[in-house]
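Report on the following structure.
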Protein chains: 2
Amino acid sequence: MKRAIELYDTTLRDGAQGEGIAFSVKDKIYIAKALDRLGFSYIEAGNPGSNPKDMEFFKSIGGLKLQNAKICAFGSTRRCGMSVADDENVKSLLRANTPVVTIFGKAWDLHVTKVLKTTLHENLAMIRDTVAFFKTAGREVVFDAEHFFDGCKNNEHFALQALNAACEGGADVLCLCDTNGAAYITDIYSMTEKVADRFGKRTAIHCHNDTGLAVAGSMISVDAGACQVQGTFIGFGERCGNADLSTVLANLQLKRGMSCIPEENMQLLTSTARGIAAVSNIKLPHEHPYVGSCAFAHKGGMHVDGVNKLPRSFEHIQPETVGNERKFLLSEVSGRSTVLFEMKKIDASVTKDSPQTRAVMQRIKELEQNGYQFEVAHASVELLIRKVLGRYTPFFELEHYKIIGEQPVEEGESSSTAIIKIRVNGCSEITAAQGNGPVHALDCALKKALSVFYPSIKSASLSDYKVRVLEPRDATASKVRVLIETADGDSVWTNVGVSSDIIEASWVALVDAIEYKLTKDKENGKL
Amino acid sequence: MKRAIELYDTTLRDGAQGEGIAFSVKDKIYIAKALDRLGFSYIEAGNPGSNPKDMEFFKSIGGLKLQNAKICAFGSTRRCGMSVADDENVKSLLRANTPVVTIFGKAWDLHVTKVLKTTLHENLAMIRDTVAFFKTAGREVVFDAEHFFDGCKNNEHFALQALNAACEGGADVLCLCDTNGAAYITDIYSMTEKVADRFGKRTAIHCHNDTGLAVAGSMISVDAGACQVQGTFIGFGERCGNADLSTVLANLQLKRGMSCIPEENMQLLTSTARGIAAVSNIKLPHEHPYVGSCAFAHKGGMHVDGVNKLPRSFEHIQPETVGNERKFLLSEVSGRSTVLFEMKKIDASVTKDSPQTRAVMQRIKELEQNGYQFEVAHASVELLIRKVLGRYTPFFELEHYKIIGEQPVEEGESSSTAIIKIRVNGCSEITAAQGNGPVHALDCALKKALSVFYPSIKSASLSDYKVRVLEPRDATASKVRVLIETADGDSVWTNVGVSSDIIEASWVALVDAIEYKLTKDKENGKL
């Protein structure tokens, strides 16, 4: 029987304190459902007293049927010198009507006297009263001991008294919070062990990442007896973020032999992380452990060779275990074997020493020096290889395009217009389209002109568009790299374009994306 | 006397394996000098055998006078069945002419038999011979025991034999590498302790971050007796990156009382990290411990209040210690005190309950819902506040602009032209300018027209330009957020604009940037 560890996610509350994070109610519901499906035990959904949006969410979530997770409302102990039942925050927490209430209280004496400006004795009463109030109301109560580890350094006796007050109130879980994120791992180990032994309650850990040790602190606290880990699913939060639960989860389950979520859900890890990042409108770091797009990407020539011989030579798990995949990064240092791997898909007779292999390497190097990057733009690489191998047919020629943008714009009008003239097999087609911005107008006009000759082009639509400014010190005259992701129901592909003119860079990527689509359609007899 | 720990940076070698990293020789020299100035002990600069660019670097670095750091060349043991002196890689390493040579060899029996395809006995000879060769040549030799921890799990006896062979060859440092990045911290502790005790050599640790534990693994190895930590300065590297030395350094020096660099250099930490990120053309994560722009940023209303009362209530160190600074993030959840802090700079009589304070909060909320983000765009916030407080004079009115872009472009011509007509105090000015791309053309045309009325505008120039695509699922019709950074010799400021048309979004930010500049000039009597 594997040891079970509860995961308690606070993306919707502590995560919302991260820079640039602002969840709508719809976003929150998406995230709660994704974490529930994965198998999380607790989802802390907000502080109904401090944020009216949170209260709206609590109303909506009440109607949702969750399979695994309990929803928690988060709030502080009652104010000093006030009865619990009269406290507005406490009333909001009660109205949120969640099965679990998480109450945070001060465990660092300095905070009590200097920030709250009350007595240590009153602070203990605030904890005891508030926890008892929610226990009487039938809730499961988690007590978050704020600044527990800093508190222990300053006055361990008082920090433990705060936990004791929560126990007297009937708390179900004692959570040790490293609020400032600088507790050292060995201190976390010894204090967790002491608390678990002394109070005999379920003990939880809540780490912040200010010293880069939040994942380690969570792991070692579990080693010392904690049975619950609090954090945010992909680690974002105030300052340097919270313990990253996607990493903690994978470590506990795949490396430490414990059970956090059903075994069969592990392969949802990557898609869950990417979905939550998209909804939160943040970029999931490529290098993110387990779930990043480069977590299993190999670039060094020797590593690529090693993995080809024996995957576990440079991979600590099989990428599929967590729903991720292996990648070989194309670049000047990756060596010929990576390029060869791609070339062989098109012409199996090519070898490491073929002149074409050298020609492809050479072309990639030249383009990289001009700001191109092929590590994600596989469709552009395939076209480049086809061109070198003579396996490429151009589908159209551009005669001319012109884009016009102006301000002010009349109500209901678009700000940009594109005019395009192309030639296919000697026939010219000229057309125009409007759009929100010049690239959108150009995309619409090009597809409109091409669909006269190739109706299948209509099934392709842009699914992502990214702009990266290179050499930003040159400001608006700097080069931009545009990545365009296109989907057509069967597959998804990415192309790249670079220019000092954002429209031209987008044009290069757009044309590549369309040529790739038409090449595939031709091979599959769909043209 | 504080315990001294050597820092060994491999940004130039292992870091170069990261996605999107490609250093020029000039980049490498910048990074080496920055790390030397900070006080690093060792800089691993490349693998001269595998990369001709690296050899070029070794030639250049020979002429540089470094104050603190020794340069290391990195390479593998001799090939199997060959004499050391005949091995091409070994010859390259010797030609690199560095005071230190780092030799990596296999410590995992599986790699020896399945990847190298040789015998365990020959592998030990390869290690012994290669180390001895460089000791005879007068070099300091670091032995990197590749896959040491995986090797120990599979066959501890052999992993230790590999270290023993390096000692027989005369190695100065034994470095324990967690090449696949999944060794657990307690295992790192026990194996480091065993190696340090058994061989009595200087012991080093080299962690990768595949399980999010590279910083922790490095710290705990030092606890167990390691005296050298290998990593990359801001953590990038193949797959999930290497141990982040900026974090390890700050943790060791500020939290664990050890000495890695001269005390007075600690405040260079943030600028060094930002410089290396810029040269490497990567974005330093805002949430990066110690050196990120949000490492000391407070958003939660209670945290902002707490820090105002007592900084250490929510800050584990003073941000200035590492050359960073405190920030309050403006947002709907940050509460009125942050907004008030900014408002009081313009009108000291404003209070928390002034109707203007509510009006500013309201306006920020509305704009945020439309995709604006003010957390970095302080100049846009100041203008917004000035507008609400009636402390704002518009400097010009736009009558019309039109931008035209076309392809193909004749040799020597610009791809974009902008025509603009503005009015200042009843006088109209119409002009045109060309540029690389529509935004550049528009920026040039606007400044040209305004300089007729306000000559001081000529001193303002754009220093950074960033584009972020919002809701990327709508592809080229999605909204974009543009951030423009402007400098005029005295100061630097950032403005934001949002629109579904990239040109309009850039226009909004450009206008704001110029209004801000003119407002300042007017106040300072420079207009």
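Quick note on naming: the chains in the structure tokens go A, B, ... in the order shown, residues restart at 1 in each chain, and ligands are numbered from 1 in order of appearance.
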
Considering only C-alpha atoms, give me a table of residues in range 251-343 of chain A that are at most 9 Å from range 115-124 of chain B, with the closest atom pair and distance in Å for each, as CSV.
residue,atom,partner,partner_atom,distance
A:Asp305,CA,B:Val115,CA,8.5
A:Gly306,CA,B:Val115,CA,6.2
A:Lys309,CA,B:Val115,CA,6.6
A:Leu310,CA,B:Val115,CA,7.4
A:Ser313,CA,B:Val115,CA,7.9

Residues of range 335-439 of chain A in strand (DSSP E or B), written as a PyMOL selection string = chain A and resi 397-407+416-424+427-435

Please produce a file of the residues just selected, as a PDB file, in the first residue's frame, where the atoms kept are N, CA and C atoms.
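Final file, selection.pdb:
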ATOM      1  N   GLU A 397       3.048  32.190 -56.853  1.00  0.00           N
ATOM      2  CA  GLU A 397       4.036  33.260 -56.811  1.00  0.00           C
ATOM      3  C   GLU A 397       3.349  34.537 -56.376  1.00  0.00           C
ATOM      4  N   LEU A 398       4.032  35.329 -55.561  1.00  0.00           N
ATOM      5  CA  LEU A 398       3.493  36.644 -55.206  1.00  0.00           C
ATOM      6  C   LEU A 398       3.882  37.638 -56.286  1.00  0.00           C
ATOM      7  N   GLU A 399       2.905  38.359 -56.814  1.00  0.00           N
ATOM      8  CA  GLU A 399       3.279  39.460 -57.700  1.00  0.00           C
ATOM      9  C   GLU A 399       3.435  40.738 -56.882  1.00  0.00           C
ATOM     10  N   HIS A 400       2.489  40.972 -55.970  1.00  0.00           N
ATOM     11  CA  HIS A 400       2.520  42.218 -55.224  1.00  0.00           C
ATOM     12  C   HIS A 400       1.540  42.159 -54.061  1.00  0.00           C
ATOM     13  N   TYR A 401       1.898  42.717 -52.939  1.00  0.00           N
ATOM     14  CA  TYR A 401       0.855  43.015 -51.952  1.00  0.00           C
ATOM     15  C   TYR A 401       1.056  44.424 -51.424  1.00  0.00           C
ATOM     16  N   LYS A 402      -0.034  44.972 -50.963  1.00  0.00           N
ATOM     17  CA  LYS A 402       0.013  46.315 -50.400  1.00  0.00           C
ATOM     18  C   LYS A 402      -0.919  46.314 -49.200  1.00  0.00           C
ATOM     19  N   ILE A 403      -0.471  46.845 -48.092  1.00  0.00           N
ATOM     20  CA  ILE A 403      -1.380  46.957 -46.951  1.00  0.00           C
ATOM     21  C   ILE A 403      -1.494  48.429 -46.580  1.00  0.00           C
ATOM     22  N   ILE A 404      -2.683  48.792 -46.172  1.00  0.00           N
ATOM     23  CA  ILE A 404      -2.945  50.177 -45.784  1.00  0.00           C
ATOM     24  C   ILE A 404      -3.602  50.169 -44.417  1.00  0.00           C
ATOM     25  N   GLY A 405      -3.049  50.977 -43.519  1.00  0.00           N
ATOM     26  CA  GLY A 405      -3.664  51.101 -42.201  1.00  0.00           C
ATOM     27  C   GLY A 405      -3.902  52.557 -41.926  1.00  0.00           C
ATOM     28  N   GLU A 406      -5.002  52.890 -41.302  1.00  0.00           N
ATOM     29  CA  GLU A 406      -5.172  54.306 -40.964  1.00  0.00           C
ATOM     30  C   GLU A 406      -5.990  54.527 -39.694  1.00  0.00           C
ATOM     31  N   GLN A 407      -5.821  55.706 -39.145  1.00  0.00           N
ATOM     32  CA  GLN A 407      -6.577  56.171 -37.977  1.00  0.00           C
ATOM     33  C   GLN A 407      -6.942  57.630 -38.210  1.00  0.00           C
ATOM     34  N   SER A 416      -7.444  48.026 -41.144  1.00  0.00           N
ATOM     35  CA  SER A 416      -6.452  47.632 -42.153  1.00  0.00           C
ATOM     36  C   SER A 416      -7.083  46.971 -43.369  1.00  0.00           C
ATOM     37  N   THR A 417      -6.469  47.219 -44.519  1.00  0.00           N
ATOM     38  CA  THR A 417      -6.904  46.604 -45.766  1.00  0.00           C
ATOM     39  C   THR A 417      -5.668  46.030 -46.451  1.00  0.00           C
ATOM     40  N   ALA A 418      -5.800  44.842 -47.030  1.00  0.00           N
ATOM     41  CA  ALA A 418      -4.696  44.270 -47.806  1.00  0.00           C
ATOM     42  C   ALA A 418      -5.165  43.998 -49.217  1.00  0.00           C
ATOM     43  N   ILE A 419      -4.299  44.301 -50.171  1.00  0.00           N
ATOM     44  CA  ILE A 419      -4.562  44.008 -51.572  1.00  0.00           C
ATOM     45  C   ILE A 419      -3.470  43.043 -52.000  1.00  0.00           C
ATOM     46  N   ILE A 420      -3.832  41.954 -52.651  1.00  0.00           N
ATOM     47  CA  ILE A 420      -2.816  40.978 -53.016  1.00  0.00           C
ATOM     48  C   ILE A 420      -3.025  40.490 -54.439  1.00  0.00           C
ATOM     49  N   LYS A 421      -1.920  40.254 -55.142  1.00  0.00           N
ATOM     50  CA  LYS A 421      -1.987  39.686 -56.485  1.00  0.00           C
ATOM     51  C   LYS A 421      -1.022  38.513 -56.537  1.00  0.00           C
ATOM     52  N   ILE A 422      -1.558  37.331 -56.833  1.00  0.00           N
ATOM     53  CA  ILE A 422      -0.708  36.135 -56.908  1.00  0.00           C
ATOM     54  C   ILE A 422      -0.863  35.502 -58.283  1.00  0.00           C
ATOM     55  N   ARG A 423       0.050  34.592 -58.642  1.00  0.00           N
ATOM     56  CA  ARG A 423      -0.053  33.866 -59.907  1.00  0.00           C
ATOM     57  C   ARG A 423       0.103  32.369 -59.649  1.00  0.00           C
ATOM     58  N   VAL A 424      -0.794  31.592 -60.230  1.00  0.00           N
ATOM     59  CA  VAL A 424      -0.739  30.136 -60.115  1.00  0.00           C
ATOM     60  C   VAL A 424      -0.806  29.571 -61.523  1.00  0.00           C
ATOM     61  N   CYS A 427      -1.937  31.834 -64.276  1.00  0.00           N
ATOM     62  CA  CYS A 427      -3.158  32.624 -64.075  1.00  0.00           C
ATOM     63  C   CYS A 427      -2.972  33.580 -62.905  1.00  0.00           C
ATOM     64  N   SER A 428      -3.344  34.829 -63.074  1.00  0.00           N
ATOM     65  CA  SER A 428      -3.252  35.791 -61.977  1.00  0.00           C
ATOM     66  C   SER A 428      -4.590  35.891 -61.247  1.00  0.00           C
ATOM     67  N   GLU A 429      -4.495  36.190 -59.971  1.00  0.00           N
ATOM     68  CA  GLU A 429      -5.704  36.441 -59.190  1.00  0.00           C
ATOM     69  C   GLU A 429      -5.407  37.631 -58.291  1.00  0.00           C
ATOM     70  N   ILE A 430      -6.243  38.648 -58.390  1.00  0.00           N
ATOM     71  CA  ILE A 430      -6.063  39.802 -57.511  1.00  0.00           C
ATOM     72  C   ILE A 430      -7.287  39.904 -56.625  1.00  0.00           C
ATOM     73  N   THR A 431      -7.058  40.183 -55.350  1.00  0.00           N
ATOM     74  CA  THR A 431      -8.193  40.314 -54.436  1.00  0.00           C
ATOM     75  C   THR A 431      -7.807  41.225 -53.281  1.00  0.00           C
ATOM     76  N   ALA A 432      -8.759  41.533 -52.433  1.00  0.00           N
ATOM     77  CA  ALA A 432      -8.499  42.380 -51.264  1.00  0.00           C
ATOM     78  C   ALA A 432      -9.305  41.859 -50.085  1.00  0.00           C
ATOM     79  N   ALA A 433      -8.845  42.171 -48.873  1.00  0.00           N
ATOM     80  CA  ALA A 433      -9.598  41.805 -47.675  1.00  0.00           C
ATOM     81  C   ALA A 433      -9.288  42.805 -46.579  1.00  0.00           C
ATOM     82  N   GLN A 434     -10.197  42.916 -45.638  1.00  0.00           N
ATOM     83  CA  GLN A 434      -9.965  43.787 -44.490  1.00  0.00           C
ATOM     84  C   GLN A 434      -9.706  42.946 -43.252  1.00  0.00           C
ATOM     85  N   GLY A 435      -9.121  43.554 -42.252  1.00  0.00           N
ATOM     86  CA  GLY A 435      -8.862  42.810 -41.023  1.00  0.00           C
ATOM     87  C   GLY A 435      -8.554  43.748 -39.876  1.00  0.00           C
TER      88      GLY A 435
END

Name all residues at most 12 Å from Pro48 in chain B (count only C-alpha atoms; drop same-chain ones fewer than 5 positions away) and give them as a list in words.
->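 Everything that qualifies: Leu12, Arg13, Lys53, Asp54, Met55, Glu56, Phe57, Phe58, Lys59, Cys72, Ala73, Phe74, Gly75, Ser76, Glu88, Asn89, Val90, Lys91, Ser92, Leu93, Leu94, Arg95, Ala96, Asn97, Thr98, Val101 and Thr102 of chain B.
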
Any chance you could export the current selection's C-alpha atoms as an mmCIF file, in the first residue's frame?
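New file result10.cif:
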data_model
loop_
_atom_site.group_PDB
_atom_site.id
_atom_site.type_symbol
_atom_site.label_atom_id
_atom_site.label_comp_id
_atom_site.auth_asym_id
_atom_site.auth_seq_id
_atom_site.Cartn_x
_atom_site.Cartn_y
_atom_site.Cartn_z
ATOM 1 C CA LEU B 12 29.283 28.992 -21.650
ATOM 2 C CA ARG B 13 29.330 25.207 -22.056
ATOM 3 C CA LYS B 53 33.828 28.633 -32.125
ATOM 4 C CA ASP B 54 34.977 27.518 -28.676
ATOM 5 C CA MET B 55 38.581 27.283 -29.861
ATOM 6 C CA GLU B 56 38.348 30.830 -31.205
ATOM 7 C CA PHE B 57 37.141 31.928 -27.773
ATOM 8 C CA PHE B 58 40.039 30.233 -25.992
ATOM 9 C CA LYS B 59 42.421 32.196 -28.202
ATOM 10 C CA CYS B 72 38.500 25.758 -17.731
ATOM 11 C CA ALA B 73 38.377 23.799 -20.970
ATOM 12 C CA PHE B 74 35.978 20.844 -20.954
ATOM 13 C CA GLY B 75 36.306 17.548 -22.780
ATOM 14 C CA SER B 76 35.927 13.805 -22.527
ATOM 15 C CA GLU B 88 42.124 14.552 -31.303
ATOM 16 C CA ASN B 89 39.856 15.830 -28.506
ATOM 17 C CA VAL B 90 42.700 15.594 -26.016
ATOM 18 C CA LYS B 91 44.964 17.542 -28.405
ATOM 19 C CA SER B 92 42.335 20.276 -28.752
ATOM 20 C CA LEU B 93 42.025 20.492 -24.966
ATOM 21 C CA LEU B 94 45.770 20.912 -24.675
ATOM 22 C CA ARG B 95 45.844 23.555 -27.411
ATOM 23 C CA ALA B 96 43.124 25.541 -25.586
ATOM 24 C CA ASN B 97 45.963 26.307 -23.170
ATOM 25 C CA THR B 98 43.837 26.877 -20.045
ATOM 26 C CA VAL B 101 41.041 21.153 -17.669
ATOM 27 C CA THR B 102 37.801 19.417 -16.788
#

Which residues, written as a PyMOL selection string, have at least one atom at most 12 Å from Trp493 in chain A, with only C-alpha atoms counted and residues fewer than 2 positions away on the same chain left out?
-> chain A and resi 376-383+460-465+483-491+495-496+509-510+512-517+520

Taking C-alpha atoms for each residue, export the selection above as a PDB file, in the first residue's frame.
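The resulting file, result.pdb, is shown below:
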ATOM      1  CA  VAL A 376       9.861  24.708 -32.555  1.00  0.00           C
ATOM      2  CA  ALA A 377       9.275  25.458 -36.241  1.00  0.00           C
ATOM      3  CA  HIS A 378       9.350  21.877 -37.506  1.00  0.00           C
ATOM      4  CA  ALA A 379       7.208  22.668 -40.567  1.00  0.00           C
ATOM      5  CA  SER A 380       9.711  25.296 -41.719  1.00  0.00           C
ATOM      6  CA  VAL A 381      12.526  22.773 -41.292  1.00  0.00           C
ATOM      7  CA  GLU A 382      10.641  20.221 -43.371  1.00  0.00           C
ATOM      8  CA  LEU A 383      10.154  22.709 -46.210  1.00  0.00           C
ATOM      9  CA  ALA A 460      -6.415  25.633 -42.508  1.00  0.00           C
ATOM     10  CA  SER A 461      -6.737  28.215 -39.804  1.00  0.00           C
ATOM     11  CA  LEU A 462      -4.203  29.987 -37.648  1.00  0.00           C
ATOM     12  CA  SER A 463      -4.263  28.693 -34.096  1.00  0.00           C
ATOM     13  CA  ASP A 464      -1.462  30.695 -32.523  1.00  0.00           C
ATOM     14  CA  TYR A 465       0.613  33.721 -33.395  1.00  0.00           C
ATOM     15  CA  LEU A 483       5.955  32.063 -35.098  1.00  0.00           C
ATOM     16  CA  ILE A 484       2.677  30.974 -36.635  1.00  0.00           C
ATOM     17  CA  GLU A 485       0.874  27.820 -35.598  1.00  0.00           C
ATOM     18  CA  THR A 486      -1.700  26.469 -38.047  1.00  0.00           C
ATOM     19  CA  ALA A 487      -4.255  23.688 -37.642  1.00  0.00           C
ATOM     20  CA  ASP A 488      -6.476  21.904 -40.120  1.00  0.00           C
ATOM     21  CA  GLY A 489      -8.283  19.336 -38.041  1.00  0.00           C
ATOM     22  CA  ASP A 490      -5.771  16.579 -38.875  1.00  0.00           C
ATOM     23  CA  SER A 491      -2.645  18.200 -37.556  1.00  0.00           C
ATOM     24  CA  ASN A 495       6.432  28.048 -39.086  1.00  0.00           C
ATOM     25  CA  VAL A 496       8.843  30.893 -38.556  1.00  0.00           C
ATOM     26  CA  ALA A 509       5.757  32.463 -41.895  1.00  0.00           C
ATOM     27  CA  LEU A 510       2.263  32.590 -43.453  1.00  0.00           C
ATOM     28  CA  ASP A 512       5.540  28.684 -45.306  1.00  0.00           C
ATOM     29  CA  ALA A 513       2.489  27.535 -43.355  1.00  0.00           C
ATOM     30  CA  ILE A 514       0.386  27.447 -46.516  1.00  0.00           C
ATOM     31  CA  GLU A 515       3.039  25.734 -48.617  1.00  0.00           C
ATOM     32  CA  TYR A 516       3.343  23.092 -45.920  1.00  0.00           C
ATOM     33  CA  LYS A 517      -0.409  22.529 -45.902  1.00  0.00           C
ATOM     34  CA  LYS A 520       0.686  17.569 -47.315  1.00  0.00           C
TER      35      LYS A 520
END

Shell around range 219-222 of chain A at 9 Å using only C-alpha atoms, local window under 4 positions removed, as a list in words | Ile5, Ile185, Thr186, Ile188, Tyr189, Ser190, Met191, Thr192, Glu193, Ala204, Ile205, Ala214, Val215, Ala226, Cys227, Gln228, Val229, Val248, Asn251 and Leu252 of chain A; Ile185 and Thr186 of chain B

Lay chain B over chain A with a least-squares fit on all the C-alpha atoms, paired in sequence, and tell me the RMSD.
-> 0.4 Å

Tell me, in Å to one decimal, how far CA of Asn436 in chain B is from CA of Val511 in chain B.
->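 Distance reported for this atom pair: 19.4 Å.
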
Would you list, as number ranges by chain, the residues of range 244-439 of chain A that end up in helix (DSSP H, G or I) under DSSP run on this structure's backbone?
-> A: 245-255, 263-280, 301-309, 311-313, 319-322, 336-346, 355-369, 378-389, 438-439

Surrounding residues of Val195 in chain A excluding itself and chain neighbours under 2 positions, 12 Å, only C-alpha atoms, as a ChimeraX atom specification = /A:145,148-149,152,156-157,159-164,167,173-176,188-193,197-205,221,224-226

A:Glu44, A:Glu410, A:Asp501, A:Asp347 ranked by distance to chain B, top pick (using only C-alpha atoms) =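 Answer, going by the shortest atom-to-atom distance: A:Asp501.
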
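Within 8 Å of range 19-25 of chain A, once only C-alpha atoms are used and residues closer than 4 positions along the same chain are dropped, the contacting residues are Leu12, Gly15, Ile29, Lys53, Asp54, Glu56, Phe57, Gly237, Glu238, Arg239, Ser280, Asn281 and Ile282 of chain A; Cys294, Lys299, Leu329, Gln373 and Glu375 of chain B.
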
Write a file of the just-selected residues containing N, CA and C atoms, as a short mmCIF file (atom, residue, chain, number, x, y, z; two decimals), in the first residue's frame.
data_model
loop_
_atom_site.label_atom_id
_atom_site.label_comp_id
_atom_site.auth_asym_id
_atom_site.auth_seq_id
_atom_site.Cartn_x
_atom_site.Cartn_y
_atom_site.Cartn_z
N LEU A 12 -5.82 29.51 -7.50
CA LEU A 12 -6.90 30.50 -7.63
C LEU A 12 -6.81 31.59 -6.56
N GLY A 15 -1.97 31.95 -6.20
CA GLY A 15 -1.50 32.11 -7.59
C GLY A 15 -1.96 33.43 -8.19
N ILE A 29 -13.25 28.53 -13.04
CA ILE A 29 -14.00 27.28 -13.16
C ILE A 29 -13.23 26.29 -14.03
N LYS A 53 -15.30 39.24 -6.80
CA LYS A 53 -15.26 38.25 -7.88
C LYS A 53 -15.21 36.83 -7.30
N ASP A 54 -14.47 36.69 -6.18
CA ASP A 54 -14.35 35.39 -5.56
C ASP A 54 -15.71 34.89 -5.09
N GLU A 56 -18.59 35.59 -6.35
CA GLU A 56 -19.33 35.17 -7.55
C GLU A 56 -18.92 33.74 -7.95
N PHE A 57 -17.60 33.48 -7.85
CA PHE A 57 -17.12 32.16 -8.18
C PHE A 57 -17.70 31.10 -7.24
N GLY A 237 2.88 32.75 -8.34
CA GLY A 237 2.38 33.33 -7.10
C GLY A 237 3.15 34.61 -6.83
N GLU A 238 2.84 35.24 -5.70
CA GLU A 238 3.49 36.52 -5.38
C GLU A 238 5.02 36.37 -5.33
N ARG A 239 5.72 37.45 -5.67
CA ARG A 239 7.20 37.49 -5.65
C ARG A 239 7.81 36.37 -6.52
N SER A 280 -4.40 31.09 -17.77
CA SER A 280 -3.82 32.13 -16.91
C SER A 280 -3.08 33.17 -17.74
N ASN A 281 -2.99 32.92 -19.05
CA ASN A 281 -2.30 33.83 -19.97
C ASN A 281 -0.84 34.04 -19.58
N ILE A 282 -0.21 32.95 -19.17
CA ILE A 282 1.24 33.03 -18.95
C ILE A 282 1.90 31.97 -19.82
N CYS B 294 10.31 40.80 -10.14
CA CYS B 294 9.22 40.66 -9.15
C CYS B 294 9.65 39.95 -7.88
N LYS B 299 1.76 42.40 -4.19
CA LYS B 299 0.51 42.66 -4.88
C LYS B 299 -0.68 42.56 -3.93
N LEU B 329 2.88 46.14 -7.04
CA LEU B 329 2.21 45.92 -8.31
C LEU B 329 0.82 46.51 -8.29
N GLN B 373 -2.05 46.18 -18.84
CA GLN B 373 -1.37 45.72 -17.64
C GLN B 373 -0.43 46.84 -17.24
N GLU B 375 1.61 46.84 -14.47
CA GLU B 375 2.61 46.49 -13.47
C GLU B 375 3.99 47.01 -13.83
#
